[in-house]
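Enquirer: Okay, handing you the structure first.
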Amino acid sequence: MTLPVHTAEATPTPLRPGPTPARAHLLSDDTVEQYRRAVAAGTDRVARRIAEATGPFTGVRPDELAPQVEAIDLDRPLGDTTAALDELEDVYLRDAVWFHHPRYLAHLNCPVVIPALLGEAVLSAVNSSMDTWDQSAGGTLIERRLVEWTADRIGLGPAADGVFTSGGTQSNLHALLLAREEALAAATPADRRILLPQLRIIASAAGHFSVQKAAKLLGLAPDAVVVVETGPDRRMRPGAVRHEIARCRRAGLTVMAVVATAGTTDFGTIDPLDEIAEVCATAGVWLHVDAAYGCGLLVSPTRRHLLDGIERADSVTVDYHKSFFQPVSSSALVVRDRRTLRHATWHADYLNPARTVAQRIPNQVDKSLQTTRRFDALKLWLTLRVMGPDAVGELFDEVCDRAAQAWELVAADPRFEVLTRSQLSTVVFRWRPSGPGPDLTDAANLRAREALAASGLGVVAGTKVDGRQYLKFTVLNPATTVADVAYVLDLIAEHAGRYLHEHVPAADLTCPVG
Ligand SMILES: Cc1ncc(COP(=O)(O)O)c(C=O)c1O
């Protein structure tokens, strides 16, 4: 018997069932026009909102918006894209918090670059899943190239590898899982039970709270994270790290990792990486560098040197969705020694059978904590292919410059007190009236932040430093001007002053409103 030869022309057209209302919503060769129209309509709504936004927020309160969301009957579809978008305007778009707006100065959220949005549109429609080669093909290779590129920028050496993750929290968890397993590599199951509660992680008081969460998820002792106080510059002190490693060892404890931060969330400070790496190398301790925020310096034309020493890390967290201007999610964990990634490997016969390793089939699930996973790498790929790394670095340099100018502005303003100068793009400060006690000053700053957000004219963050309430600018938008910062400072002073006048008899006050 001879088998029929299938050519493009000879391939029989399968008989398909006729369209049904439900099938009309599935993306297929029959519905591409509808797909084009629906996505264009959605893009158009967002573009209009962005063009028309006069502030970063409307100031809507949860109790105002919640009833509108609650009132929607999810079992009664509108059946029509335009109607659904009209509804979406009311429950989401109108009151969204806009990170592209120059007076959004709060958290580590960046405006996003257009090539990355193009990537987002492509990746969600193709819907590749990055767990196995047979669900992604070229996507796997693109992700691997980007991990390699990132590791090269860090300088981790030829054995480096890594994987994209959902964010810095997951990257930190993943790094600490590898560190835990390396620390327990020689332990028998019985030893593990004894050793697990004795593991310690040394982290900075200015480090990210995801380290604490990771320790909990990894089954470590409640006091497993040894927090070392920072110096006055809000950077980890290498001497303190050395001291804590020695103290832990004297107490019979095992330090499984030191976590240094390249870009602390509040202060934008970078720990002395080279000196901490030296301490870790001498002690034989895994060094994880959380560069979720500071990773933008990897492409900075002028500030790359601030990361010197990062190349000595065992693992590095990189959040492209913070300082590479990428949409959420886009992050990676990169390690010096690819063999350590085996600690997250599990083979399933139905997905990534062990034989695929010998067959050299690149299955990213072998390195990831996730199974089904978005092709987030595509956003960074298109960003690099359209703009190039220098352009991304220039954007990050610009926000660092702007934050430095904002710091000068606040420092010169007698209404405010400002803390440590950031190496990146935050400014931590507070309104400081003369007269009222610290509790009232705390309350006035807190109230000013809330009132500012409620006005919709600006959004700033708040944090506590040494037990007192501070405010914070995180500048991640190159479009933010010094005039924007000055305007927001005036609004804060006005709100804080008003609060004080409402709560303190006029005779006790020595400061003017505003
Ligand atoms: C230093 C640092 N590490 C980790 C994280 C967590 O990153 P993600 O929010 O992407 O999980 C943050 C978030 O702000 C951060 O500032």
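Just so we're on the same page: first chain in the structure tokens is A, next is B, and so on; residues restart at 1 for each chain, and ligands are numbered from 1 in the order they show up.
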Show me which residues line ligand 1, defined as having an atom within 6 Å of a ligand atom where only C-alpha atoms and all ligand atoms count, and present them as a list in words.
Expert: Leu108, Gly167, Gly168, Thr169, His208, Gly263, Thr264, Thr265, Asp290, Ala292 and Tyr293 of chain A
Enquirer: At a cut-off of 9 Å, using only C-alpha atoms, what residues contact range 480-489 of chain A? Leave out same-chain residues fewer than 5 positions from it and give the result as a PDB file with N, CA, C and O atoms, in the first residue's frame.
Expert:
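Below is the file result_10.pdb, written as the result:
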```pdb
ATOM      1  N   HIS A 101       1.266  58.700  34.304  1.00  0.00           N
ATOM      2  CA  HIS A 101       1.077  60.111  34.627  1.00  0.00           C
ATOM      3  C   HIS A 101       2.257  60.644  35.444  1.00  0.00           C
ATOM      4  O   HIS A 101       2.699  60.006  36.390  1.00  0.00           O
ATOM      5  N   PRO A 102       2.768  61.830  35.089  1.00  0.00           N
ATOM      6  CA  PRO A 102       3.988  62.340  35.745  1.00  0.00           C
ATOM      7  C   PRO A 102       3.837  62.588  37.245  1.00  0.00           C
ATOM      8  O   PRO A 102       4.846  62.700  37.938  1.00  0.00           O
ATOM      9  N   ARG A 103       2.592  62.684  37.729  1.00  0.00           N
ATOM     10  CA  ARG A 103       2.459  62.898  39.178  1.00  0.00           C
ATOM     11  C   ARG A 103       2.096  61.600  39.902  1.00  0.00           C
ATOM     12  O   ARG A 103       1.684  61.632  41.056  1.00  0.00           O
ATOM     13  N   TYR A 104       2.260  60.458  39.234  1.00  0.00           N
ATOM     14  CA  TYR A 104       2.230  59.184  39.967  1.00  0.00           C
ATOM     15  C   TYR A 104       3.640  58.972  40.495  1.00  0.00           C
ATOM     16  O   TYR A 104       4.572  58.744  39.714  1.00  0.00           O
ATOM     17  N   LEU A 105       3.805  59.097  41.804  1.00  0.00           N
ATOM     18  CA  LEU A 105       5.161  59.082  42.393  1.00  0.00           C
ATOM     19  C   LEU A 105       5.227  58.093  43.550  1.00  0.00           C
ATOM     20  O   LEU A 105       6.004  58.269  44.485  1.00  0.00           O
ATOM     21  N   VAL A 399      15.337  58.942  35.207  1.00  0.00           N
ATOM     22  CA  VAL A 399      14.552  58.987  36.457  1.00  0.00           C
ATOM     23  C   VAL A 399      15.466  59.094  37.673  1.00  0.00           C
ATOM     24  O   VAL A 399      15.105  59.729  38.672  1.00  0.00           O
ATOM     25  N   ARG A 402      16.276  62.727  37.848  1.00  0.00           N
ATOM     26  CA  ARG A 402      15.118  63.506  38.310  1.00  0.00           C
ATOM     27  C   ARG A 402      14.943  63.347  39.814  1.00  0.00           C
ATOM     28  O   ARG A 402      14.631  64.307  40.526  1.00  0.00           O
ATOM     29  N   ALA A 403      15.145  62.128  40.309  1.00  0.00           N
ATOM     30  CA  ALA A 403      15.003  61.899  41.752  1.00  0.00           C
ATOM     31  C   ALA A 403      16.071  62.687  42.511  1.00  0.00           C
ATOM     32  O   ALA A 403      15.803  63.214  43.599  1.00  0.00           O
ATOM     33  N   GLN A 405      17.306  65.525  41.587  1.00  0.00           N
ATOM     34  CA  GLN A 405      16.828  66.923  41.598  1.00  0.00           C
ATOM     35  C   GLN A 405      15.699  67.093  42.620  1.00  0.00           C
ATOM     36  O   GLN A 405      15.630  68.096  43.333  1.00  0.00           O
ATOM     37  N   ALA A 406      14.825  66.081  42.692  1.00  0.00           N
ATOM     38  CA  ALA A 406      13.722  66.154  43.658  1.00  0.00           C
ATOM     39  C   ALA A 406      14.283  66.176  45.079  1.00  0.00           C
ATOM     40  O   ALA A 406      13.781  66.906  45.950  1.00  0.00           O
ATOM     41  N   LEU A 409      15.456  69.571  45.898  1.00  0.00           N
ATOM     42  CA  LEU A 409      14.307  70.459  46.097  1.00  0.00           C
ATOM     43  C   LEU A 409      13.749  70.302  47.511  1.00  0.00           C
ATOM     44  O   LEU A 409      13.492  71.300  48.210  1.00  0.00           O
ATOM     45  N   VAL A 410      13.568  69.065  47.942  1.00  0.00           N
ATOM     46  CA  VAL A 410      13.001  68.823  49.275  1.00  0.00           C
ATOM     47  C   VAL A 410      13.997  69.267  50.346  1.00  0.00           C
ATOM     48  O   VAL A 410      13.613  69.891  51.348  1.00  0.00           O
ATOM     49  N   PHE A 416      10.066  70.749  54.975  1.00  0.00           N
ATOM     50  CA  PHE A 416      10.254  69.299  54.924  1.00  0.00           C
ATOM     51  C   PHE A 416      11.606  68.867  55.478  1.00  0.00           C
ATOM     52  O   PHE A 416      12.556  69.650  55.505  1.00  0.00           O
ATOM     53  N   TRP A 431       6.792  66.084  56.027  1.00  0.00           N
ATOM     54  CA  TRP A 431       6.446  67.460  56.371  1.00  0.00           C
ATOM     55  C   TRP A 431       6.780  67.634  57.834  1.00  0.00           C
ATOM     56  O   TRP A 431       6.450  66.768  58.655  1.00  0.00           O
ATOM     57  N   LEU A 452      -4.076  63.752  49.436  1.00  0.00           N
ATOM     58  CA  LEU A 452      -3.513  63.958  48.093  1.00  0.00           C
ATOM     59  C   LEU A 452      -4.083  62.923  47.118  1.00  0.00           C
ATOM     60  O   LEU A 452      -4.537  63.271  46.021  1.00  0.00           O
ATOM     61  N   LEU A 457      -4.834  64.470  42.410  1.00  0.00           N
ATOM     62  CA  LEU A 457      -3.846  65.337  41.749  1.00  0.00           C
ATOM     63  C   LEU A 457      -2.431  64.760  41.797  1.00  0.00           C
ATOM     64  O   LEU A 457      -1.552  65.183  41.046  1.00  0.00           O
ATOM     65  N   GLY A 458      -2.233  63.835  42.705  1.00  0.00           N
ATOM     66  CA  GLY A 458      -0.918  63.221  42.822  1.00  0.00           C
ATOM     67  C   GLY A 458      -1.034  61.982  43.691  1.00  0.00           C
ATOM     68  O   GLY A 458      -1.988  61.854  44.468  1.00  0.00           O
ATOM     69  N   VAL A 459      -0.088  61.058  43.526  1.00  0.00           N
ATOM     70  CA  VAL A 459      -0.070  59.881  44.398  1.00  0.00           C
ATOM     71  C   VAL A 459       1.363  59.687  44.871  1.00  0.00           C
ATOM     72  O   VAL A 459       2.289  59.635  44.052  1.00  0.00           O
ATOM     73  N   VAL A 460       1.532  59.633  46.200  1.00  0.00           N
ATOM     74  CA  VAL A 460       2.860  59.363  46.758  1.00  0.00           C
ATOM     75  C   VAL A 460       2.734  58.169  47.700  1.00  0.00           C
ATOM     76  O   VAL A 460       1.632  57.794  48.093  1.00  0.00           O
ATOM     77  N   PHE A 473       8.607  59.493  47.493  1.00  0.00           N
ATOM     78  CA  PHE A 473       8.468  59.553  46.042  1.00  0.00           C
ATOM     79  C   PHE A 473       9.265  58.383  45.471  1.00  0.00           C
ATOM     80  O   PHE A 473      10.426  58.203  45.844  1.00  0.00           O
ATOM     81  N   VAL A 475      10.345  57.779  41.811  1.00  0.00           N
ATOM     82  CA  VAL A 475      10.299  58.394  40.483  1.00  0.00           C
ATOM     83  C   VAL A 475      10.692  57.327  39.456  1.00  0.00           C
ATOM     84  O   VAL A 475      11.823  56.847  39.450  1.00  0.00           O
ATOM     85  N   GLU A 494       0.026  71.735  52.135  1.00  0.00           N
ATOM     86  CA  GLU A 494      -1.300  72.322  52.346  1.00  0.00           C
ATOM     87  C   GLU A 494      -2.203  71.347  53.121  1.00  0.00           C
ATOM     88  O   GLU A 494      -2.831  71.726  54.117  1.00  0.00           O
TER      89      GLU A 494
END
```
Enquirer: Given only C-alpha atoms as the basis, pick out the residue of A:Val211, A:Ala391, A:Ala160, A:Ala151 nearest to Cys295 in chain A.
Expert: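 Among the listed residues, the smallest separation from Cys295 in chain A belongs to A:Ala151.
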Enquirer: Measuring between only C-alpha atoms, which one of A:Arg336, A:Arg145, A:Arg61, A:Arg342 shows the shortest distance to Val357 in chain A?
Expert: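 So, comparing all the options, the nearest one is A:Arg342.
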Enquirer: When you draw a straight line from CA of Gln364 in chain A to CA of Arg144 in chain A, how long is it in Å?
Expert: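 Pair CA of Gln364 in chain A / CA of Arg144 in chain A returns 8.6 Å.
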Enquirer: Taking into account only C-alpha atoms, which residue in the set A:Gly155, A:Gly294, A:Gly219, A:Pro436 is nearest to Leu176 in chain A?
Expert: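 Ranking A:Gly155, A:Gly294, A:Gly219, A:Pro436 by distance to Leu176 in chain A, first place goes to A:Gly219.
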Enquirer: Write out as CSV the residues of range 51-148 of chain A that have any atom within 12 Å of an atom of range 22-27 of chain A, one row each with the nearest atom pair and its distance in Å to one decimal, counting only C-alpha atoms, sorted by chain and then rising number.
Expert:
```
residue,atom,partner,partner_atom,distance
A:Pro77,CA,A:Ala22,CA,11.9
A:Gly79,CA,A:His25,CA,9.9
A:Asp80,CA,A:His25,CA,10.4
A:Thr81,CA,A:His25,CA,10.4
A:Ser124,CA,A:Leu27,CA,11.4
A:Ala125,CA,A:Leu27,CA,8.2
A:Val126,CA,A:Leu27,CA,9.7
A:Asn127,CA,A:Leu27,CA,11.0
```
Enquirer: In Å to one decimal, how far is CA of Ser171 in chain A from CA of Ala277 in chain A?
Expert: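 Distance reported for this atom pair: 19.4 Å.
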Enquirer: Excluding Pro478 in chain A and any residue of its chain fewer than 6 positions from it, enumerate the residues within 10 Å of it, using only C-alpha atoms, and give them as a list in words.
Expert: His100, Pro102, Cys110, Pro111, Glu394, Leu395, Phe396, Asp397, Glu398, Val399, Cys400, Asp401, Arg402 and Ala403 of chain A
Enquirer: Near range 347-355 of chain A, counting only C-alpha atoms, which residues have an atom at most 12 Å away, once you skip same-chain residues fewer than 2 positions from it, shown as number ranges by chain?
Expert: A: 130-135, 342-345, 357-368, 371-372
Enquirer: Quote the spacing between CA of Glu244 in chain A and CA of Val316 in chain A in Å to one decimal place.
Expert: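 Distance between the two atoms: 21.8 Å.
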Enquirer: Which of range 273-418 of chain A counts as helix (DSSP H, G or I) under DSSP, as a ChimeraX atom specification please?
Expert: /A:273-283,294-299,304-307,310-312,320-323,338-344,355-358,364-366,377-386,389-411
Enquirer: Step one, run DSSP on the backbone; step two, keep only residues of range 183-250 of chain A assigned to strand (DSSP E or B); then write them as number ranges by chain.
Expert: A: 199-204, 225-228
Enquirer: Write a file of the just-selected residues containing N, CA, C and O atoms, as a compact mmCIF listing (two decimals), in the first residue's frame.
Expert:
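Printed below is again_9.txt as written:
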```
# COMPACT_ATOMS: atom_id res chain seq x y z
N LEU A 199 18.74 26.47 60.02
CA LEU A 199 19.19 27.30 58.90
C LEU A 199 18.87 28.77 59.14
O LEU A 199 17.80 29.10 59.69
N ARG A 200 19.76 29.63 58.72
CA ARG A 200 19.55 31.07 58.88
C ARG A 200 19.85 31.81 57.56
O ARG A 200 20.69 31.39 56.77
N ILE A 201 19.11 32.90 57.37
CA ILE A 201 19.34 33.79 56.23
C ILE A 201 19.70 35.15 56.82
O ILE A 201 18.97 35.65 57.69
N ILE A 202 20.77 35.74 56.36
CA ILE A 202 21.13 37.07 56.85
C ILE A 202 20.65 38.11 55.84
O ILE A 202 20.98 38.02 54.65
N ALA A 203 19.83 39.02 56.31
CA ALA A 203 19.25 40.02 55.41
C ALA A 203 19.32 41.39 56.08
O ALA A 203 19.44 41.49 57.29
N SER A 204 19.18 42.40 55.25
CA SER A 204 19.29 43.77 55.76
C SER A 204 17.93 44.27 56.25
O SER A 204 16.88 43.88 55.71
N VAL A 225 15.26 34.42 59.67
CA VAL A 225 15.88 35.58 59.00
C VAL A 225 16.53 36.46 60.06
O VAL A 225 15.87 37.02 60.93
N VAL A 226 17.84 36.55 59.98
CA VAL A 226 18.60 37.38 60.90
C VAL A 226 18.72 38.76 60.25
O VAL A 226 19.38 38.90 59.21
N VAL A 227 18.06 39.72 60.85
CA VAL A 227 18.03 41.05 60.23
C VAL A 227 19.18 41.89 60.78
O VAL A 227 19.28 42.07 62.00
N VAL A 228 20.02 42.38 59.89
CA VAL A 228 21.10 43.26 60.36
C VAL A 228 20.72 44.70 60.07
O VAL A 228 20.22 45.03 59.00
```
Enquirer: Quick one: of A:Ser425, A:Ser323, A:Thr261, A:Thr54, who's nearest to Asn172 in chain A, counting only C-alpha atoms?
Expert: A:Thr261
Enquirer: So, with only C-alpha atoms as the atoms that count, which of A:Gly388, A:Thr426, A:Thr317, A:Arg180 lies closest to Arg192 in chain A?
Expert: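 Smallest distance to Arg192 in chain A is found for A:Arg180.
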Enquirer: So, with only C-alpha atoms as the atoms that count, which of A:Leu156, A:Gly456, A:Val285, A:Glu311 lies closest to Ala96 in chain A?
Expert: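 Of A:Leu156, A:Gly456, A:Val285, A:Glu311, the one nearest Ala96 in chain A, counting only C-alpha atoms, is A:Gly456.
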Enquirer: Applying 7 Å and only C-alpha atoms, which residues near range 82-95 of chain A remain after dropping the ones on its own chain fewer than 4 positions away? List them as a PyMOL selection string.
Expert: chain A and resi 57-58+60+65+68-69+78
